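Below: final-v3.tsv (TSV, C-alpha atoms)
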```
chain	number	residue	atom	x	y	z
O	277	LEU	CA	71.20	-69.02	-125.04
O	278	ARG	CA	71.18	-67.87	-128.66
O	279	VAL	CA	71.54	-71.47	-129.85
O	280	TYR	CA	68.68	-72.51	-127.59
O	281	ILE	CA	66.41	-69.72	-128.84
O	282	PHE	CA	67.31	-70.52	-132.46
O	283	LEU	CA	66.49	-74.19	-131.94
O	284	CYS	CA	63.22	-73.38	-130.23
O	285	LEU	CA	62.14	-71.12	-133.09
O	286	THR	CA	63.22	-73.52	-135.82
O	287	LEU	CA	61.52	-76.38	-134.04
O	288	LEU	CA	58.32	-74.49	-133.31
O	289	ILE	CA	57.49	-73.97	-137.00
O	290	PRO	CA	57.53	-77.71	-137.88
O	291	LEU	CA	55.67	-78.45	-134.62
O	292	PHE	CA	52.98	-75.99	-135.60
O	293	LEU	CA	52.65	-77.73	-138.99
O	294	LEU	CA	52.46	-81.15	-137.31
O	295	ILE	CA	49.73	-79.96	-134.96
O	296	HIS	CA	47.89	-78.46	-137.91
O	297	PHE	CA	47.84	-81.85	-139.67
O	298	ASN	CA	46.72	-83.43	-136.36
O	299	ASN	CA	48.88	-86.58	-136.20
O	300	PRO	CA	49.46	-87.39	-132.48
O	301	GLN	CA	52.12	-90.07	-133.10
O	302	LEU	CA	54.14	-87.77	-135.31
O	303	ILE	CA	53.82	-84.92	-132.80
O	304	LYS	CA	55.12	-87.12	-129.93
O	305	ALA	CA	58.05	-88.32	-132.01
O	306	PHE	CA	58.91	-84.76	-133.06
O	307	ILE	CA	58.80	-83.47	-129.47
O	308	SER	CA	61.01	-86.33	-128.25
O	309	PHE	CA	63.53	-85.82	-131.04
O	310	SER	CA	63.65	-82.04	-130.60
O	311	SER	CA	64.09	-82.34	-126.81
O	312	PHE	CA	66.94	-84.78	-127.33
O	313	LEU	CA	68.54	-82.49	-129.91
O	314	ILE	CA	68.33	-79.42	-127.66
O	315	LEU	CA	69.80	-81.26	-124.66
O	316	TRP	CA	72.57	-82.74	-126.80
O	317	ILE	CA	73.55	-79.33	-128.18
O	318	LEU	CA	73.50	-77.71	-124.73
O	319	GLY	CA	75.60	-80.56	-123.33
O	320	LEU	CA	78.09	-80.19	-126.17
O	321	LYS	CA	78.31	-76.46	-125.50
O	322	ILE	CA	79.04	-77.09	-121.81
O	323	VAL	CA	81.75	-79.63	-122.65
O	324	LEU	CA	83.39	-77.21	-125.08
O	325	GLN	CA	83.32	-74.43	-122.49
O	326	GLU	CA	84.98	-76.72	-119.93
O	327	ARG	CA	87.79	-77.47	-122.40
O	328	GLU	CA	88.43	-73.76	-122.84
O	329	LYS	CA	89.07	-73.26	-119.12
O	330	PRO	CA	92.74	-73.44	-118.10
O	331	GLN	CA	93.45	-76.64	-116.22
O	332	ASN	CA	95.41	-77.13	-112.99
O	333	GLN	CA	95.34	-73.56	-111.82
O	334	PRO	CA	96.13	-73.23	-108.15
O	335	ALA	CA	93.20	-72.23	-106.01
O	336	LYS	CA	93.13	-68.57	-105.14
O	337	LEU	CA	93.97	-67.92	-101.56
O	338	PRO	CA	92.07	-65.23	-99.71
O	339	GLN	CA	93.82	-61.91	-99.91
O	340	VAL	CA	95.69	-60.83	-96.83
O	341	ASN	CA	95.59	-57.14	-96.17
O	342	LYS	CA	99.21	-56.11	-96.53
O	343	ASN	CA	98.46	-52.72	-94.95
O	344	LEU	CA	97.84	-54.17	-91.51
O	345	SER	CA	100.63	-53.17	-89.22
O	346	LEU	CA	99.69	-55.03	-86.08
O	347	SER	CA	102.48	-56.23	-83.87
O	348	ARG	CA	102.22	-59.62	-82.22
O	349	GLU	CA	101.32	-57.88	-78.95
O	350	GLU	CA	98.55	-55.89	-80.64
O	351	GLU	CA	97.19	-59.06	-82.23
O	352	GLU	CA	97.09	-60.74	-78.81
O	353	MET	CA	95.53	-57.66	-77.22
O	354	LEU	CA	92.88	-57.50	-79.95
O	355	LEU	CA	92.15	-61.22	-79.68
O	356	LYS	CA	91.75	-60.94	-75.90
O	357	GLY	CA	89.61	-57.82	-76.32
O	358	ILE	CA	87.22	-59.64	-78.66
O	359	GLU	CA	86.95	-62.60	-76.32
O	360	GLU	CA	86.41	-60.31	-73.31
O	361	LEU	CA	83.70	-58.27	-75.01
O	362	LEU	CA	81.88	-61.41	-76.04
O	363	SER	CA	82.32	-63.65	-73.02
O	364	GLN	CA	82.37	-61.15	-70.15
O	365	LYS	CA	80.48	-58.11	-71.44
O	366	GLU	CA	78.22	-60.38	-73.51
O	367	LEU	CA	77.88	-58.06	-76.51
O	368	PHE	CA	76.48	-61.03	-78.46
O	369	LEU	CA	73.19	-60.63	-76.55
O	370	ASN	CA	72.45	-57.57	-78.67
O	371	PRO	CA	70.41	-58.95	-81.62
O	372	ASP	CA	71.51	-56.00	-83.77
O	373	LEU	CA	75.22	-56.43	-83.05
O	374	SER	CA	77.36	-55.70	-86.09
O	375	LEU	CA	81.04	-55.85	-86.86
O	376	ASP	CA	81.10	-52.06	-86.70
O	377	ASP	CA	79.77	-52.16	-83.12
O	378	LEU	CA	82.58	-54.52	-82.16
O	379	VAL	CA	85.11	-52.30	-83.94
O	380	LYS	CA	83.91	-49.22	-82.00
O	381	ALA	CA	84.13	-51.06	-78.69
O	382	LEU	CA	87.67	-52.28	-79.43
O	383	GLY	CA	89.14	-49.10	-80.87
O	384	PHE	CA	90.86	-50.86	-83.77
O	385	SER	CA	90.12	-50.57	-87.49
O	386	ARG	CA	87.48	-52.67	-89.19
O	387	ASN	CA	90.17	-54.44	-91.26
O	388	GLU	CA	92.20	-55.29	-88.18
O	389	VAL	CA	89.24	-56.71	-86.25
O	390	SER	CA	87.99	-58.63	-89.27
O	391	TRP	CA	91.48	-59.98	-89.95
O	392	ILE	CA	91.88	-61.24	-86.38
O	393	ILE	CA	88.48	-62.95	-86.43
O	394	ASN	CA	89.09	-64.53	-89.84
O	395	ARG	CA	92.75	-65.50	-89.50
O	396	LYS	CA	93.34	-66.03	-85.81
O	397	MET	CA	89.93	-67.37	-84.82
O	398	GLY	CA	89.31	-69.18	-88.12
O	399	LYS	CA	85.74	-67.98	-88.68
O	400	ASN	CA	83.74	-65.01	-89.85
O	401	PHE	CA	82.07	-62.46	-87.60
O	402	TYR	CA	78.57	-63.95	-87.88
O	403	LEU	CA	79.71	-67.48	-87.11
O	404	LEU	CA	81.63	-66.20	-84.08
O	405	ILE	CA	78.60	-64.35	-82.72
O	406	ASN	CA	76.24	-67.24	-83.44
O	407	GLU	CA	78.54	-69.67	-81.61
O	408	TYR	CA	78.35	-67.50	-78.49
O	409	ARG	CA	74.57	-67.25	-78.83
O	410	VAL	CA	74.09	-70.99	-79.31
O	411	ASN	CA	76.30	-71.72	-76.32
O	412	ARG	CA	74.12	-69.37	-74.25
O	413	VAL	CA	70.98	-71.14	-75.48
O	414	LYS	CA	72.47	-74.53	-74.58
O	415	GLU	CA	73.41	-73.20	-71.14
O	416	LEU	CA	69.89	-71.87	-70.53
O	417	LEU	CA	68.25	-75.05	-71.83
O	418	LEU	CA	70.22	-77.01	-69.23
O	419	SER	CA	69.41	-74.57	-66.44
O	420	GLU	CA	66.68	-75.54	-63.97
O	421	ASP	CA	65.81	-71.86	-63.57
O	422	HIS	CA	64.78	-71.66	-67.22
O	423	ARG	CA	62.79	-74.89	-67.56
O	424	GLU	CA	59.51	-72.99	-67.71
O	425	MET	CA	60.68	-70.73	-70.54
O	426	THR	CA	59.91	-71.65	-74.12
O	427	ILE	CA	62.77	-72.31	-76.49
O	428	LEU	CA	61.85	-69.18	-78.43
O	429	GLU	CA	62.03	-67.04	-75.27
O	430	ILE	CA	65.46	-68.48	-74.54
O	431	ALA	CA	66.60	-67.81	-78.12
O	432	LEU	CA	65.42	-64.21	-78.00
O	433	GLN	CA	67.08	-63.74	-74.61
O	434	SER	CA	70.32	-65.12	-76.10
O	435	GLY	CA	70.58	-62.54	-78.87
O	436	PHE	CA	68.68	-64.16	-81.73
O	437	ASN	CA	65.98	-62.05	-83.32
O	438	SER	CA	63.94	-64.62	-85.24
O	439	LYS	CA	62.81	-68.19	-84.76
O	440	PRO	CA	63.72	-69.45	-88.26
O	441	GLY	CA	67.21	-67.95	-88.07
O	442	PHE	CA	67.74	-69.37	-84.62
O	443	ASN	CA	66.56	-72.86	-85.57
O	444	LYS	CA	68.79	-72.92	-88.65
O	445	VAL	CA	71.91	-71.76	-86.78
O	446	PHE	CA	71.29	-74.07	-83.82
O	447	LYS	CA	70.89	-77.10	-86.10
O	448	GLU	CA	74.02	-76.19	-88.10
O	449	LEU	CA	76.19	-75.80	-85.02
O	450	THR	CA	74.87	-78.70	-82.90
O	451	SER	CA	73.45	-81.14	-85.48
O	452	GLN	CA	70.26	-81.17	-83.37
O	453	THR	CA	67.12	-79.12	-83.19
O	454	PRO	CA	66.67	-77.11	-79.98
O	455	SER	CA	63.80	-79.41	-78.97
O	456	GLN	CA	65.97	-82.50	-79.41
O	457	TYR	CA	68.72	-80.89	-77.36
O	458	ARG	CA	66.32	-80.00	-74.55
O	459	LYS	CA	64.87	-83.53	-74.44
O	460	ILE	CA	68.29	-85.16	-74.22
O	461	THR	CA	69.31	-83.07	-71.24
```

Written form, structure tokens:
Amino acid sequence: LRVYIFLCLTLLIPLFLLIHFNNPQLIKAFISFSSFLILWILGLKIVLQEREKPQNQPAKLPQVNKNLSLSREEEEMLLKGIEELLSQKELFLNPDLSLDDLVKALGFSRNEVSWIINRKMGKNFYLLINEYRVNRVKELLLSEDHREMTILEIALQSGFNSKPGFNKVFKELTSQTPSQYRKIT
């Protein structure tokens, strides 16, 4: 940044003089040359910074919480508890559902619940909840009883709290817009 500012200041003085003498061809040439020079110096700086980075470092793996003392039975119980709360008790229908709400309902620590979702289910909390919500939307879009409802009404009834958020998540998880999905079925 300092190099860039220095170049801008040192180039602005001659540019001012060129404009003062009012020679358009010379001004265009000066601007082209100075732009090239600035880009070249910035590119060189980037290349030099890349060379300074250590090469072939192994990728950092996510940290596993070593303090978790869950037995295999507790892991299974927690996994089943999460699935039960979401599929049978349908906690995902609450648009304000948070990880802390799930933790309270399960009676385990936040780290334990988060660890199970991340490691055993292979996703984060928000993706897990959004998958349940999108599946509910898909179910309602296919239902004859809900044909008269708008897609937004179905989304709100499925736990989403905004149209843009719903549309984005639905498209990411199904590769279709909700309207396209409804037309196909």

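Atom CA of Arg412 of chain O lies 28.6 Å from atom CA of Glu350 of chain O.
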
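In terms of minimum interatomic distance to Ser434 of chain O, O:Leu367 ranks closest within O:Leu418, O:Ser451, O:Leu367, O:Lys399, counting only C-alpha atoms.
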
Quote the spacing between atom CA of Lys321 of chain O and atom CA of Ala305 of chain O in Å to one decimal place. 24.4 Å

Using the file's own x, y and z axes, what box holds all listed atoms of segment 394-406 of chain O with 5 Å on each side, keeping edges along x, y and z, and what are its centre and edge lengths in Å to one decimal, as JSON?
```
{"center_x": 84.8, "center_y": -65.8, "center_z": -86.3, "size_x": 27.1, "size_y": 16.7, "size_z": 17.1}
```

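Minimum distance to Met425 of chain O across O:Leu449, O:Ile307, O:Val413, O:Lys396 (counting all atoms listed in the file) occurs at O:Val413.
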
Atom CA of Leu378 of chain O to atom CA of Phe446 of chain O measures 22.6 Å

With distances taken over all atoms listed in the file, the candidate from O:Asp372, O:Glu388, O:Glu407, O:Glu424 nearest Asn437 of chain O is O:Asp372

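Proximity to Thr450 of chain O was assessed for O:Asn406, O:Thr426, O:Ser390, O:Gln433 counting all atoms listed in the file; the smallest distance is recorded for O:Asn406.
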
Applying 7 Å and all atoms listed in the file, which residues near Ala431 of chain O remain after dropping the ones on its own chain fewer than 4 positions away? List them as a PDB file with C-alpha atoms, keeping the file's coordinate frame.
```
ATOM      1  CA  VAL O 413      70.980 -71.140 -75.480  1.00  0.00           C
ATOM      2  CA  ILE O 427      62.770 -72.310 -76.490  1.00  0.00           C
ATOM      3  CA  GLY O 435      70.580 -62.540 -78.870  1.00  0.00           C
ATOM      4  CA  PHE O 436      68.680 -64.160 -81.730  1.00  0.00           C
ATOM      5  CA  PHE O 442      67.740 -69.370 -84.620  1.00  0.00           C
TER       6      PHE O 442
END
```

Starting from the sparse input, extend segment 343-379 of chain O to N, CA and C atoms and give the output as an mmCIF file, in the coordinates of the input.
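Produced file rebuild-v9.cif, reproduced below:
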```cif
data_model
loop_
_atom_site.group_PDB
_atom_site.id
_atom_site.type_symbol
_atom_site.label_atom_id
_atom_site.label_comp_id
_atom_site.auth_asym_id
_atom_site.auth_seq_id
_atom_site.Cartn_x
_atom_site.Cartn_y
_atom_site.Cartn_z
ATOM 1 N N ASN O 343 98.352 -53.999 -95.639
ATOM 2 C CA ASN O 343 98.460 -52.720 -94.950
ATOM 3 C C ASN O 343 98.318 -52.839 -93.442
ATOM 4 N N LEU O 344 97.972 -54.013 -92.955
ATOM 5 C CA LEU O 344 97.840 -54.170 -91.510
ATOM 6 C C LEU O 344 99.220 -54.112 -90.877
ATOM 7 N N SER O 345 99.328 -53.319 -89.873
ATOM 8 C CA SER O 345 100.630 -53.170 -89.220
ATOM 9 C C SER O 345 100.509 -53.506 -87.746
ATOM 10 N N LEU O 346 99.854 -54.624 -87.468
ATOM 11 C CA LEU O 346 99.690 -55.030 -86.080
ATOM 12 C C LEU O 346 100.916 -55.807 -85.618
ATOM 13 N N SER O 347 101.407 -55.446 -84.468
ATOM 14 C CA SER O 347 102.480 -56.230 -83.870
ATOM 15 C C SER O 347 101.853 -57.482 -83.242
ATOM 16 N N ARG O 348 102.709 -58.397 -82.860
ATOM 17 C CA ARG O 348 102.220 -59.620 -82.220
ATOM 18 C C ARG O 348 101.477 -59.293 -80.926
ATOM 19 N N GLU O 349 101.962 -58.300 -80.201
ATOM 20 C CA GLU O 349 101.320 -57.880 -78.950
ATOM 21 C C GLU O 349 99.940 -57.289 -79.229
ATOM 22 N N GLU O 350 99.851 -56.483 -80.280
ATOM 23 C CA GLU O 350 98.550 -55.890 -80.640
ATOM 24 C C GLU O 350 97.567 -56.966 -81.086
ATOM 25 N N GLU O 351 98.058 -57.951 -81.817
ATOM 26 C CA GLU O 351 97.190 -59.060 -82.230
ATOM 27 C C GLU O 351 96.640 -59.769 -80.999
ATOM 28 N N GLU O 352 97.519 -60.060 -80.040
ATOM 29 C CA GLU O 352 97.090 -60.740 -78.810
ATOM 30 C C GLU O 352 96.109 -59.880 -78.024
ATOM 31 N N MET O 353 96.397 -58.582 -77.944
ATOM 32 C CA MET O 353 95.530 -57.660 -77.220
ATOM 33 C C MET O 353 94.153 -57.600 -77.893
ATOM 34 N N LEU O 354 94.134 -57.557 -79.211
ATOM 35 C CA LEU O 354 92.880 -57.500 -79.950
ATOM 36 C C LEU O 354 92.101 -58.807 -79.791
ATOM 37 N N LEU O 355 92.794 -59.914 -79.866
ATOM 38 C CA LEU O 355 92.150 -61.220 -79.680
ATOM 39 C C LEU O 355 91.536 -61.331 -78.291
ATOM 40 N N LYS O 356 92.280 -60.915 -77.273
ATOM 41 C CA LYS O 356 91.750 -60.940 -75.900
ATOM 42 C C LYS O 356 90.593 -59.969 -75.736
ATOM 43 N N GLY O 357 90.687 -58.810 -76.398
ATOM 44 C CA GLY O 357 89.610 -57.820 -76.320
ATOM 45 C C GLY O 357 88.311 -58.363 -76.913
ATOM 46 N N ILE O 358 88.411 -59.048 -78.031
ATOM 47 C CA ILE O 358 87.220 -59.640 -78.660
ATOM 48 C C ILE O 358 86.603 -60.672 -77.732
ATOM 49 N N GLU O 359 87.447 -61.550 -77.216
ATOM 50 C CA GLU O 359 86.950 -62.600 -76.320
ATOM 51 C C GLU O 359 86.341 -62.014 -75.051
ATOM 52 N N GLU O 360 86.939 -60.956 -74.520
ATOM 53 C CA GLU O 360 86.410 -60.310 -73.310
ATOM 54 C C GLU O 360 85.061 -59.661 -73.576
ATOM 55 N N LEU O 361 84.968 -58.931 -74.687
ATOM 56 C CA LEU O 361 83.700 -58.270 -75.010
ATOM 57 C C LEU O 361 82.573 -59.277 -75.227
ATOM 58 N N LEU O 362 82.919 -60.417 -75.762
ATOM 59 C CA LEU O 362 81.880 -61.410 -76.040
ATOM 60 C C LEU O 362 81.572 -62.289 -74.833
ATOM 61 N N SER O 363 82.591 -62.732 -74.121
ATOM 62 C CA SER O 363 82.320 -63.650 -73.020
ATOM 63 C C SER O 363 81.983 -62.951 -71.705
ATOM 64 N N GLN O 364 82.622 -61.819 -71.421
ATOM 65 C CA GLN O 364 82.370 -61.150 -70.150
ATOM 66 C C GLN O 364 81.327 -60.043 -70.266
ATOM 67 N N LYS O 365 81.449 -59.218 -71.271
ATOM 68 C CA LYS O 365 80.480 -58.110 -71.440
ATOM 69 C C LYS O 365 79.263 -58.551 -72.242
ATOM 70 N N GLU O 366 79.339 -59.726 -72.810
ATOM 71 C CA GLU O 366 78.220 -60.380 -73.510
ATOM 72 C C GLU O 366 77.572 -59.496 -74.583
ATOM 73 N N LEU O 367 78.402 -58.883 -75.415
ATOM 74 C CA LEU O 367 77.880 -58.060 -76.510
ATOM 75 C C LEU O 367 77.007 -58.866 -77.470
ATOM 76 N N PHE O 368 77.237 -60.177 -77.538
ATOM 77 C CA PHE O 368 76.480 -61.030 -78.460
ATOM 78 C C PHE O 368 74.989 -61.064 -78.126
ATOM 79 N N LEU O 369 74.602 -60.636 -76.933
ATOM 80 C CA LEU O 369 73.190 -60.630 -76.550
ATOM 81 C C LEU O 369 72.397 -59.559 -77.297
ATOM 82 N N ASN O 370 73.093 -58.602 -77.868
ATOM 83 C CA ASN O 370 72.450 -57.570 -78.670
ATOM 84 C C ASN O 370 72.086 -58.178 -80.029
ATOM 85 N N PRO O 371 70.797 -58.313 -80.342
ATOM 86 C CA PRO O 371 70.410 -58.950 -81.620
ATOM 87 C C PRO O 371 70.827 -58.129 -82.834
ATOM 88 N N ASP O 372 71.115 -56.856 -82.649
ATOM 89 C CA ASP O 372 71.510 -56.000 -83.770
ATOM 90 C C ASP O 372 73.026 -55.783 -83.823
ATOM 91 N N LEU O 373 73.776 -56.581 -83.093
ATOM 92 C CA LEU O 373 75.220 -56.430 -83.050
ATOM 93 C C LEU O 373 75.815 -56.567 -84.446
ATOM 94 N N SER O 374 76.690 -55.647 -84.789
ATOM 95 C CA SER O 374 77.360 -55.700 -86.090
ATOM 96 C C SER O 374 78.865 -55.653 -85.865
ATOM 97 N N LEU O 375 79.589 -55.936 -86.928
ATOM 98 C CA LEU O 375 81.040 -55.850 -86.860
ATOM 99 C C LEU O 375 81.471 -54.438 -86.506
ATOM 100 N N ASP O 376 80.761 -53.453 -87.006
ATOM 101 C CA ASP O 376 81.100 -52.060 -86.700
ATOM 102 C C ASP O 376 80.940 -51.757 -85.211
ATOM 103 N N ASP O 377 79.941 -52.352 -84.567
ATOM 104 C CA ASP O 377 79.770 -52.160 -83.120
ATOM 105 C C ASP O 377 80.976 -52.729 -82.357
ATOM 106 N N LEU O 378 81.416 -53.892 -82.791
ATOM 107 C CA LEU O 378 82.580 -54.520 -82.160
ATOM 108 C C LEU O 378 83.828 -53.675 -82.391
ATOM 109 N N VAL O 379 83.972 -53.158 -83.599
ATOM 110 C CA VAL O 379 85.110 -52.300 -83.940
ATOM 111 C C VAL O 379 85.135 -51.071 -83.039
#
```
